[in-house]
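Asker: A single structure is presented below for examination.
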Amino acid sequence: MKIIYKVFCLLLLAGCGREEANLTNLADPESVTVSTDAVNYMHDWGLGYTLFNQADNQPVGGGILGFLEGPGGKGCCLKLPKKWKPGMQVRVEWQKSDKKMTEETMRIKVLEIPEYDKPGDLYVAFYTGDEVEIVASWVEPGHPEWRGRERELPYEACLSKMPKKVCEKELPKYPPGSAEHAALRMRRACKPERLQAEADPVDAEAICQLWVVECKKRKFVEEKMCELDFEEE
């Protein structure tokens, strides 16, 4: 259900409030519990990563990112003080991969959580040259208040530096973040076999049918692409 709902929100971009990640810790009113996430700004490398809290060596997030992909894979969880303190560290371990192979090399970096005015989700941003950045933010890339090194989403950031042909060389048919890509993900999530795997198939199917109506009404993509049985050429 969460996958279907998330893709539904990505396409409609209205009426879907961001799930609040900053939950007050009742046992510790001076801290909040935040989610973790990641974003890959590399156009020629995908990766698999794990994020650890350096203080207790416990994993607090991880996943697999394709070329120019993310954010969107929320992990759980890390407790941050409401007021930033120096010396808080996380460790990132990752392996890069392309369409042919996954490197055997495990890259490891220990990074300090940067200063923040307001605690938010903890993002790991991966860049060309094995550079990694940690960003504590209540907004995602592309938002005016995002404080990462790259201000835009990965695909847009790539286009600002390189030709479109280079940025799209390793990408799937539709660029990440595009309405067409979101519609494709929604159609896949709404396939009968996927719906039956949901905890509440009836509610999931209702969301899929609502998406069809809204997709056609708002004309984000060609009308035929709003049909759940649309087949890619």
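Quick note on naming: the chains in the structure tokens go A, B, ... in the order shown, residues restart at 1 in each chain, and ligands are numbered from 1 in order of appearance.
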Per DSSP on the backbone, what are the strand (DSSP E or B) residues of stretch 129-212 of chain A, as an MDAnalysis selection string?
Answerer: chainID A and resid 131:137
Asker: Show which residues sit within 12 Å of A:Ala38, as a ChimeraX atom specification. Count only C-alpha atoms, and ignore same-chain residues fewer than 5 positions away.
Answerer: /A:46-51,60-66,68-75,92,94,121-127,132-137,140-141,148,153-154
Asker: Between A:Asp200, A:Ala157, A:Met186, A:Leu195, single out the one closest to A:Met225, counting only C-alpha atoms.
Answerer: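 Going through A:Asp200, A:Ala157, A:Met186, A:Leu195 one by one, the smallest distance to A:Met225 is for A:Met186.
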Asker: So what do you get for atom CA of A:Glu205 versus atom CA of A:Glu193, distance-wise?
Answerer: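 Rounded to one decimal, the two atoms are 11.3 Å apart.
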Asker: Looking at only C-alpha atoms, which of A:Glu227, A:Val34, A:Lys96, A:Ile207 is the one that sits closest to A:Asp130?
Answerer: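 Smallest distance to A:Asp130 is found for A:Lys96.
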Asker: Might you pull out every residue within 10 Å of stretch 160-174 of chain A, with only C-alpha atoms counted and same-chain residues fewer than 4 positions away left off, and present them as an MDAnalysis selection string?
Answerer: chainID A and resid 42:46 66:69 98:99 152 154:156 178:184 232
Asker: May I have the selected residues written with N, CA and C atoms, as a compact mmCIF listing (two decimals), in the first residue's frame?
Answerer:
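part24.txt, written as the output of this step:
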```txt
# COMPACT_ATOMS: atom_id res chain seq x y z
N MET A 42 25.13 10.39 -9.63
CA MET A 42 26.00 9.84 -10.67
C MET A 42 25.16 9.33 -11.84
N HIS A 43 25.53 9.74 -13.05
CA HIS A 43 24.78 9.32 -14.24
C HIS A 43 25.30 8.00 -14.80
N ASP A 44 26.48 7.56 -14.31
CA ASP A 44 27.11 6.37 -14.89
C ASP A 44 27.34 5.25 -13.88
N TRP A 45 26.89 5.45 -12.66
CA TRP A 45 27.04 4.41 -11.64
C TRP A 45 25.78 4.32 -10.78
N GLY A 46 25.34 3.10 -10.54
CA GLY A 46 24.35 2.83 -9.52
C GLY A 46 25.10 2.37 -8.28
N GLY A 66 19.58 3.41 -8.48
CA GLY A 66 19.97 3.37 -9.87
C GLY A 66 20.63 4.67 -10.29
N PHE A 67 20.92 4.80 -11.57
CA PHE A 67 21.53 6.01 -12.11
C PHE A 67 20.61 7.21 -11.89
N LEU A 68 21.17 8.29 -11.34
CA LEU A 68 20.42 9.54 -11.11
C LEU A 68 19.10 9.27 -10.39
N GLU A 69 19.14 8.46 -9.37
CA GLU A 69 17.92 8.06 -8.68
C GLU A 69 17.87 8.57 -7.24
N ASP A 98 27.38 -0.92 -12.47
CA ASP A 98 26.81 -0.41 -13.71
C ASP A 98 25.93 -1.53 -14.28
N LYS A 99 25.60 -1.47 -15.55
CA LYS A 99 24.70 -2.47 -16.12
C LYS A 99 25.38 -3.82 -16.34
N GLU A 152 19.36 20.72 -7.01
CA GLU A 152 18.26 20.13 -7.79
C GLU A 152 18.22 18.62 -7.63
N PRO A 154 18.56 14.79 -9.06
CA PRO A 154 19.71 14.27 -9.83
C PRO A 154 19.63 14.50 -11.34
N TYR A 155 18.49 14.21 -11.95
CA TYR A 155 18.38 14.34 -13.41
C TYR A 155 18.56 15.79 -13.83
N GLU A 156 17.88 16.71 -13.15
CA GLU A 156 18.00 18.14 -13.49
C GLU A 156 19.42 18.64 -13.23
N SER A 178 10.01 12.08 -13.94
CA SER A 178 9.07 12.54 -14.96
C SER A 178 7.69 11.96 -14.71
N ALA A 179 6.67 12.61 -15.25
CA ALA A 179 5.30 12.12 -15.10
C ALA A 179 5.14 10.75 -15.76
N GLU A 180 5.83 10.56 -16.88
CA GLU A 180 5.76 9.27 -17.58
C GLU A 180 6.35 8.14 -16.74
N HIS A 181 7.45 8.45 -16.06
CA HIS A 181 8.09 7.45 -15.20
C HIS A 181 7.19 7.11 -14.01
N ALA A 182 6.56 8.14 -13.41
CA ALA A 182 5.65 7.90 -12.29
C ALA A 182 4.45 7.09 -12.74
N ALA A 183 3.94 7.38 -13.96
CA ALA A 183 2.79 6.62 -14.47
C ALA A 183 3.16 5.16 -14.70
N LEU A 184 4.36 4.93 -15.22
CA LEU A 184 4.83 3.56 -15.43
C LEU A 184 4.90 2.81 -14.10
N GLU A 232 3.68 -0.75 -22.98
CA GLU A 232 4.74 0.03 -23.60
C GLU A 232 5.12 -0.56 -24.95
```
Asker: Please, what distance in Å, to one decimal, runs between atom CA of A:Val39 and atom CA of A:Asp56?
Answerer: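 Result for atom CA of A:Val39 versus atom CA of A:Asp56: 24.2 Å, one decimal.
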Asker: Pick out the residues sitting within 7 Å of A:Phe52, and hand them over as a PyMOL selection string; count only C-alpha atoms, and ignore anything fewer than 3 positions along from it in its own chain.
Answerer: chain A and resi 57-60+90-92
Asker: To one decimal place in Å, what is the distance between atom CA of A:Glu223 and atom CA of A:Cys208?
Answerer: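 Atom-to-atom, atom CA of A:Glu223 to atom CA of A:Cys208, that is 15.1 Å.
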Asker: Identify all residues of stretch 131-197 of chain A in helix (DSSP H, G or I) (DSSP on the backbone) and supply them as a list in words.
Answerer: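 Going through stretch 131-197 of chain A, the helix (DSSP H, G or I) residues come out as Pro154, Tyr155, Glu156, Ala157, Cys158, Leu159, Lys164, Lys165, Val166, Cys167, Ala179, Glu180, His181, Ala182, Ala183, Leu184, Arg185, Met186, Arg187, Arg188, Ala189, Pro192, Glu193, Arg194, Leu195 and Gln196 of chain A.
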Asker: Kindly export the residues of the current selection with C-alpha atoms, as a CSV table (one decimal), in the first residue's frame.
Answerer:
```csv
chain,number,residue,atom,x,y,z
A,154,PRO,CA,19.7,14.3,-9.8
A,155,TYR,CA,18.4,14.3,-13.4
A,156,GLU,CA,18.0,18.1,-13.5
A,157,ALA,CA,21.4,18.6,-11.8
A,158,CYS,CA,23.0,16.4,-14.5
A,159,LEU,CA,21.4,18.4,-17.3
A,164,LYS,CA,21.1,15.4,-22.3
A,165,LYS,CA,22.4,12.5,-24.3
A,166,VAL,CA,25.1,11.8,-21.7
A,167,CYS,CA,22.7,12.1,-18.8
A,179,ALA,CA,5.3,12.1,-15.1
A,180,GLU,CA,5.8,9.3,-17.6
A,181,HIS,CA,8.1,7.5,-15.2
A,182,ALA,CA,5.7,7.9,-12.3
A,183,ALA,CA,2.8,6.6,-14.5
A,184,LEU,CA,4.8,3.6,-15.4
A,185,ARG,CA,5.5,2.8,-11.8
A,186,MET,CA,1.9,3.2,-10.9
A,187,ARG,CA,0.8,0.9,-13.7
A,188,ARG,CA,3.2,-1.7,-12.4
A,189,ALA,CA,2.1,-1.3,-8.8
A,192,PRO,CA,-3.4,-7.7,-10.3
A,193,GLU,CA,-0.6,-9.9,-9.0
A,194,ARG,CA,0.9,-6.9,-7.1
A,195,LEU,CA,-2.5,-5.9,-5.7
A,196,GLN,CA,-3.1,-9.4,-4.3
```
